[in-house]
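*Asks:* Sending over structure_36.txt (compact mmCIF, C-alpha atoms).
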# COMPACT_ATOMS: atom_id res chain seq x y z
CA GLY T 2 37.05 7.68 16.02
CA GLU T 3 34.16 6.81 13.75
CA ASN T 4 32.25 9.57 11.95
CA VAL T 5 28.81 9.04 10.39
CA GLU T 6 27.34 11.52 7.92
CA GLN T 7 23.62 11.38 7.07
CA HIS T 8 21.69 13.01 4.21
CA PRO T 9 19.31 14.64 3.68
CA SER T 10 18.45 16.38 6.96
CA THR T 11 14.83 16.77 5.80
CA LEU T 12 12.96 14.69 3.23
CA SER T 13 9.39 15.33 2.10
CA VAL T 14 7.65 12.74 -0.09
CA GLN T 15 4.12 12.12 -1.29
CA GLU T 16 2.21 9.33 0.40
CA GLY T 17 2.74 6.14 -1.57
CA ASP T 18 6.10 7.22 -2.99
CA SER T 19 9.48 5.83 -1.93
CA ALA T 20 11.97 7.48 0.42
CA VAL T 21 15.73 6.97 0.49
CA ILE T 22 18.08 8.12 3.25
CA LYS T 23 21.84 7.80 2.84
CA CYS T 24 24.70 7.51 5.31
CA THR T 25 28.46 7.30 5.00
CA TYR T 26 30.93 6.13 7.63
CA SER T 27 34.64 6.73 8.00
CA ASP T 28 36.11 3.68 9.75
CA SER T 29 36.42 0.53 7.60
CA ALA T 30 36.46 -1.55 10.83
CA SER T 31 32.76 -0.79 11.42
CA ASN T 32 30.69 -3.93 10.94
CA TYR T 33 27.22 -3.26 12.33
CA PHE T 34 24.78 -0.68 10.93
CA PRO T 35 21.36 -0.21 12.59
CA TRP T 36 18.60 2.23 11.67
CA TYR T 37 16.36 3.82 14.30
CA LYS T 38 13.02 5.61 14.01
CA GLN T 39 12.19 8.27 16.57
CA GLU T 40 8.80 9.93 16.91
CA LEU T 41 8.55 13.29 18.65
CA GLY T 42 9.19 12.96 22.37
CA LYS T 43 9.68 9.19 22.18
CA ARG T 44 12.57 6.74 22.42
CA PRO T 45 14.57 5.64 19.35
CA GLN T 46 13.23 2.33 18.08
CA LEU T 47 15.23 -0.11 15.98
CA ILE T 48 13.57 -0.71 12.60
CA ILE T 49 16.23 -2.67 10.74
CA ASP T 50 19.94 -3.45 10.92
CA ILE T 51 22.61 -4.92 8.65
CA ARG T 52 26.01 -6.46 9.22
CA SER T 53 29.10 -6.13 7.08
CA ASN T 54 28.86 -9.69 5.73
CA VAL T 55 25.54 -8.87 4.00
CA GLY T 56 24.87 -6.45 1.13
CA GLU T 57 21.12 -6.03 1.48
CA LYS T 58 18.35 -6.82 3.94
CA LYS T 59 14.58 -6.41 3.61
CA ASP T 60 11.69 -6.36 6.04
CA GLN T 61 8.34 -5.72 4.36
CA ARG T 62 8.40 -2.09 3.10
CA ILE T 63 11.83 -1.36 4.55
CA ALA T 64 15.20 -2.31 3.08
CA VAL T 65 18.79 -1.43 3.83
CA THR T 66 21.76 -1.69 1.46
CA LEU T 67 25.45 -1.64 2.37
CA ASN T 68 28.43 -0.87 0.15
CA LYS T 69 31.57 -1.66 2.17
CA THR T 70 33.94 -0.51 -0.56
CA ALA T 71 32.40 2.95 -0.70
CA LYS T 72 31.62 2.92 3.04
CA HIS T 73 28.00 3.93 2.65
CA PHE T 74 24.63 2.42 3.52
CA SER T 75 21.08 3.46 2.72
CA LEU T 76 17.55 3.04 4.05
CA HIS T 77 14.77 2.52 1.53
CA ILE T 78 11.09 2.84 2.48
CA THR T 79 8.55 1.93 -0.20
CA GLU T 80 4.84 2.76 -0.37
CA THR T 81 5.21 5.40 2.32
CA GLN T 82 2.36 5.96 4.76
CA PRO T 83 1.52 8.85 7.13
CA GLU T 84 2.75 6.78 10.11
CA ASP T 85 6.22 6.70 8.53
CA SER T 86 6.61 10.40 9.39
CA ALA T 87 9.38 10.61 12.03
CA VAL T 88 13.10 11.27 12.44
CA TYR T 89 15.32 8.44 11.21
CA PHE T 90 18.86 7.86 12.46
CA CYS T 91 21.57 5.69 10.99
CA ALA T 92 24.40 4.41 13.17
CA ALA T 93 27.62 2.41 12.96
CA SER T 94 29.64 0.28 15.36
CA MET T 95 32.78 -1.81 15.10
CA GLY T 96 32.62 -4.00 18.16
CA GLY T 97 34.85 -3.76 21.21
CA THR T 98 38.21 -5.31 21.91
CA GLY T 99 38.12 -8.97 22.76
CA GLY T 100 34.86 -9.45 20.89
CA GLY T 101 32.75 -7.45 23.33
CA ALA T 102 30.08 -4.84 22.70
CA ASP T 103 30.76 -1.29 21.62
CA GLY T 104 28.68 1.87 21.52
CA LEU T 105 27.00 3.30 18.43
CA THR T 106 28.05 6.38 16.47
CA PHE T 107 24.91 8.06 15.13
CA GLY T 108 24.24 10.29 12.17
CA LYS T 109 22.44 13.58 12.85
CA GLY T 110 19.09 12.32 11.65
CA THR T 111 16.64 12.80 8.77
CA HIS T 112 13.22 14.30 9.34
CA LEU T 113 10.92 12.35 7.01
CA ILE T 114 7.64 14.07 6.18
CA ILE T 115 4.93 12.14 4.37
CA GLN T 116 2.62 14.50 2.49
CA PRO T 117 -1.00 13.25 2.16
CA ASN V 19 8.64 -7.05 31.01
CA ALA V 20 9.30 -3.32 31.34
CA GLY V 21 12.45 -3.37 29.16
CA VAL V 22 14.72 -0.40 29.96
CA THR V 23 13.43 1.88 32.73
CA GLN V 24 14.88 5.34 33.36
CA THR V 25 14.22 7.58 36.34
CA PRO V 26 13.44 10.39 36.66
CA LYS V 27 11.61 11.33 33.45
CA PHE V 28 12.13 15.08 33.98
CA GLN V 29 14.47 17.09 36.17
CA VAL V 30 15.45 20.73 36.57
CA LEU V 31 18.74 21.54 38.28
CA LYS V 32 20.66 24.65 39.15
CA THR V 33 24.24 25.10 37.96
CA GLY V 34 26.63 23.33 40.31
CA GLN V 35 24.11 20.85 41.71
CA SER V 36 24.74 17.12 41.48
CA MET V 37 22.37 14.49 40.13
CA THR V 38 22.28 10.75 39.45
CA LEU V 39 20.23 9.36 36.58
CA GLN V 40 19.09 5.80 37.11
CA CYS V 41 18.70 3.07 34.52
CA ALA V 42 17.58 -0.53 34.98
CA GLN V 43 16.86 -3.31 32.49
CA ASP V 44 15.01 -6.57 33.03
CA MET V 45 16.02 -8.33 29.81
CA ASN V 46 19.14 -10.01 31.25
CA HIS V 47 21.30 -7.98 28.87
CA ASN V 48 25.05 -7.83 29.35
CA SER V 49 25.82 -4.42 27.90
CA MET V 50 24.44 -1.02 28.85
CA TYR V 51 24.96 2.48 27.45
CA TRP V 52 24.33 6.15 28.15
CA TYR V 53 23.70 8.63 25.32
CA ARG V 54 22.74 12.28 25.23
CA GLN V 55 20.59 13.81 22.51
CA ASP V 56 20.75 17.50 21.63
CA PRO V 57 18.74 19.22 18.88
CA GLY V 58 20.38 18.71 15.50
CA MET V 59 23.17 16.55 16.97
CA GLY V 60 21.77 13.05 16.94
CA LEU V 61 22.69 10.79 19.85
CA ARG V 62 26.19 10.82 21.28
CA LEU V 63 27.69 8.10 23.45
CA ILE V 64 28.74 9.22 26.94
CA TYR V 65 29.81 5.95 28.60
CA TYR V 66 29.11 2.29 28.16
CA SER V 67 29.52 -0.93 30.09
CA ALA V 68 30.21 -3.98 27.93
CA SER V 69 29.63 -6.29 30.88
CA GLU V 70 29.14 -6.18 34.63
CA GLY V 71 32.26 -4.78 36.28
CA THR V 72 33.53 -2.84 33.26
CA THR V 73 32.95 0.70 32.03
CA ASP V 74 34.45 2.65 29.12
CA LYS V 75 34.36 6.22 27.89
CA GLY V 76 32.42 7.16 24.82
CA GLU V 77 32.54 10.24 22.62
CA VAL V 78 31.53 12.85 25.24
CA PRO V 79 32.47 11.62 28.78
CA ASN V 80 33.67 14.91 30.31
CA GLY V 81 31.58 16.04 33.28
CA TYR V 82 30.02 12.60 33.86
CA ASN V 83 30.71 9.49 35.89
CA VAL V 84 29.04 6.09 35.72
CA SER V 85 28.52 3.08 37.94
CA ARG V 86 27.55 -0.41 36.82
CA LEU V 87 25.92 -1.38 40.10
CA ASN V 88 25.04 -4.91 39.01
CA LYS V 89 23.94 -6.62 35.80
CA ARG V 90 20.58 -4.81 35.80
CA GLU V 91 21.54 -1.26 36.76
CA PHE V 92 23.77 1.40 35.21
CA SER V 93 23.71 4.92 36.66
CA LEU V 94 25.00 8.23 35.28
CA ARG V 95 26.16 10.97 37.65
CA LEU V 96 26.65 14.68 37.07
CA GLU V 97 28.89 15.91 39.89
CA SER V 98 28.57 19.63 39.17
CA ALA V 99 25.90 20.33 36.59
CA ALA V 100 26.52 22.93 33.87
CA PRO V 101 24.04 24.53 31.43
CA SER V 102 25.85 22.74 28.56
CA GLN V 103 24.60 19.46 30.03
CA THR V 104 20.99 20.38 29.37
CA SER V 105 19.86 17.53 27.16
CA VAL V 106 17.75 14.40 26.83
CA TYR V 107 19.59 11.40 28.25
CA PHE V 108 18.89 7.91 26.95
CA CYS V 109 19.96 4.64 28.47
CA ALA V 110 20.15 1.51 26.31
CA SER V 111 21.01 -2.15 26.74
CA SER V 112 21.92 -5.02 24.42
CA PRO V 113 22.17 -8.81 24.65
CA PRO V 114 25.55 -10.53 25.01
CA PRO V 115 27.80 -11.07 21.98
CA THR V 116 27.45 -14.30 20.05
CA VAL V 117 30.18 -16.46 18.60
CA PHE V 118 29.74 -14.67 15.27
CA TYR V 119 28.73 -11.12 16.22
CA SER V 120 30.10 -8.85 18.94
CA ASN V 121 27.46 -6.13 18.54
CA GLN V 122 23.80 -6.82 19.21
CA PRO V 123 20.72 -4.57 18.79
CA GLN V 124 20.41 -1.86 21.41
CA HIS V 125 17.07 -1.21 23.13
CA PHE V 126 16.41 2.25 24.50
CA GLY V 127 14.58 3.59 27.53
CA ASP V 128 12.13 6.51 27.38
CA GLY V 129 14.76 9.09 28.31
CA THR V 130 15.34 11.68 31.04
CA ARG V 131 14.79 15.30 30.08
CA LEU V 132 17.28 17.35 32.09
CA SER V 133 17.37 21.14 32.23
CA ILE V 134 20.16 23.01 33.99
CA LEU V 135 19.59 26.65 34.79
Can the structure from this file be put into structure tokens for me?
*Replies:*
Amino acid sequence: GENVEQHPSTLSVQEGDSAVIKCTYSDSASNYFPWYKQELGKRPQLIIDIRSNVGEKKDQRIAVTLNKTAKHFSLHITETQPEDSAVYFCAASMGGTGGGADGLTFGKGTHLIIQP
Amino acid sequence: NAGVTQTPKFQVLKTGQSMTLQCAQDMNHNSMYWYRQDPGMGLRLIYYSASEGTTDKGEVPNGYNVSRLNKREFSLRLESAAPSQTSVYFCASSPPPTVFYSNQPQHFGDGTRLSIL
């Protein structure tokens, strides 16, 4: 099955600086890569996603890049703010047989700490 | 709209007891999922239902059963709870596939925090 590795496990950055979280996946058939933000005691919330037919996607201060050849994708957060402090998870999915849905394989998460 | 609703929010069980976790979505989504989250492990897929009437095993299905009762509801059952099943359980749902994309964004419920003594 798919295996997703995520680094680093903890990332501390100064407010206003950029943060980068990296993930690698093992199965070249994976074609959908979402990123979730989870605050303590809360549900995971989708912040951005990218599909295998796109190399980069941006949404305001957040961007995701995908390198299919190397099988890795990254989350970039610019101009970090205190409210960006949370645990971030990457995930991968390849789609089910017959074109149906499939579950996500998650990385183990990155605890992002924004220092004031 | 409530989105994805999970009940109960908290539960404490004794080893060997049975329990059903309920999940309902009001977004007319086709697919539903059950994950467990343990400290330092991320989320792991237990079972999923790509559409009403179908269910499939995920990464960690042992010790669990599921029922897709109708399009809205997807329940998770622990027949004989074990301490290793102490975890936070999340239900999620996603819209139907499109012509171009089989996987759609998953929306999560608030979770059920389950402790087994």
*Asks:* Pull out every residue of chain V sitting within 8 Å of chain T, counting all atoms listed in the file, and send them as number ranges by chain.
*Replies:* V: 49, 51, 58-63, 66, 68, 76, 108, 114-115, 119-129
*Asks:* Find, counting only C-alpha atoms, the residue in V:Ile64, V:Arg90, V:Ser102, V:Pro57 that gets nearest to V:Glu77.
*Replies:*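 Smallest separation from V:Glu77 among the options: V:Ile64.
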*Asks:* Please list as JSON, numbers by chain every residue within 7 Å of stretch 30-41 of chain V, counting all atoms listed in the file and excluding residues in the same chain fewer than 6 positions away.
*Replies:* {"V": [22, 23, 24, 91, 92, 93, 94, 95, 96, 97, 98, 99, 100, 101, 109, 132, 133, 134, 135]}
*Asks:* For those residues, write C-alpha atoms to a file as a tab-separated table (two decimals), keeping the file's coordinate frame.
*Replies:*
chain	number	residue	atom	x	y	z
V	22	VAL	CA	14.72	-0.40	29.96
V	23	THR	CA	13.43	1.88	32.73
V	24	GLN	CA	14.88	5.34	33.36
V	91	GLU	CA	21.54	-1.26	36.76
V	92	PHE	CA	23.77	1.40	35.21
V	93	SER	CA	23.71	4.92	36.66
V	94	LEU	CA	25.00	8.23	35.28
V	95	ARG	CA	26.16	10.97	37.65
V	96	LEU	CA	26.65	14.68	37.07
V	97	GLU	CA	28.89	15.91	39.89
V	98	SER	CA	28.57	19.63	39.17
V	99	ALA	CA	25.90	20.33	36.59
V	100	ALA	CA	26.52	22.93	33.87
V	101	PRO	CA	24.04	24.53	31.43
V	109	CYS	CA	19.96	4.64	28.47
V	132	LEU	CA	17.28	17.35	32.09
V	133	SER	CA	17.37	21.14	32.23
V	134	ILE	CA	20.16	23.01	33.99
V	135	LEU	CA	19.59	26.65	34.79
*Asks:* Atom CA of V:His47 and atom CA of V:Phe118, how far apart in Å?
*Replies:*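 The value is 17.3 Å.
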*Asks:* List the spatial neighbours of T:Gln116 as a list in words - criterion: any atom at most 7 Å away, all atoms listed in the file, same-chain residues fewer than 2 positions off excluded.
*Replies:* Ser13, Val14, Gln15, Glu16 and Ile114 of chain T
*Asks:* Could you please determine the separation between atom CA of T:Gln82 and atom CA of T:Gly17 in Å, to one decimal place?
*Replies:*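 Between these atoms lies a distance of 6.3 Å.
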*Asks:* State, in Å with one decimal place, the distance from atom CA of T:Phe74 to atom CA of T:Glu6.
*Replies:*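 Rounded to one decimal, the two atoms are 10.5 Å apart.
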*Asks:* At most 8 Å from (25.5, 5.6, 3.2), file frame, only C-alpha atoms: which residues, as a PDB file with C-alpha atoms, in the frame of the given file?
*Replies:*
ATOM      1  CA  GLU T   6      27.340  11.520   7.920  1.00  0.00           C
ATOM      2  CA  GLN T   7      23.620  11.380   7.070  1.00  0.00           C
ATOM      3  CA  ILE T  22      18.080   8.120   3.250  1.00  0.00           C
ATOM      4  CA  LYS T  23      21.840   7.800   2.840  1.00  0.00           C
ATOM      5  CA  CYS T  24      24.700   7.510   5.310  1.00  0.00           C
ATOM      6  CA  THR T  25      28.460   7.300   5.000  1.00  0.00           C
ATOM      7  CA  TYR T  26      30.930   6.130   7.630  1.00  0.00           C
ATOM      8  CA  LEU T  67      25.450  -1.640   2.370  1.00  0.00           C
ATOM      9  CA  ASN T  68      28.430  -0.870   0.150  1.00  0.00           C
ATOM     10  CA  LYS T  72      31.620   2.920   3.040  1.00  0.00           C
ATOM     11  CA  HIS T  73      28.000   3.930   2.650  1.00  0.00           C
ATOM     12  CA  PHE T  74      24.630   2.420   3.520  1.00  0.00           C
ATOM     13  CA  SER T  75      21.080   3.460   2.720  1.00  0.00           C
TER      14      SER T  75
END
*Asks:* Within 6 Å of T:Ala64, counting only C-alpha atoms, which residues qualify if same-chain residues fewer than 6 places away don't, as number ranges by chain?
*Replies:* T: 58, 76-77
*Asks:* Next, dump the selected residues to file, keeping only C-alpha atoms, as a compact mmCIF listing (two decimals), keeping the file's coordinate frame.
*Replies:*
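again-v2.txt written:
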# COMPACT_ATOMS: atom_id res chain seq x y z
CA LYS T 58 18.35 -6.82 3.94
CA LEU T 76 17.55 3.04 4.05
CA HIS T 77 14.77 2.52 1.53
*Asks:* Given 8 Å on each side, where is the centre and what are the edge lengths in Å to one decimal of the axis-aligned box enclosing the listed atoms of stretch 6-22 of chain T, as lines of an AutoDock Vina configuration file?
*Replies:*
center_x = 14.8
center_y = 11.3
center_z = 2.5
size_x = 41.1
size_y = 26.9
size_z = 26.9
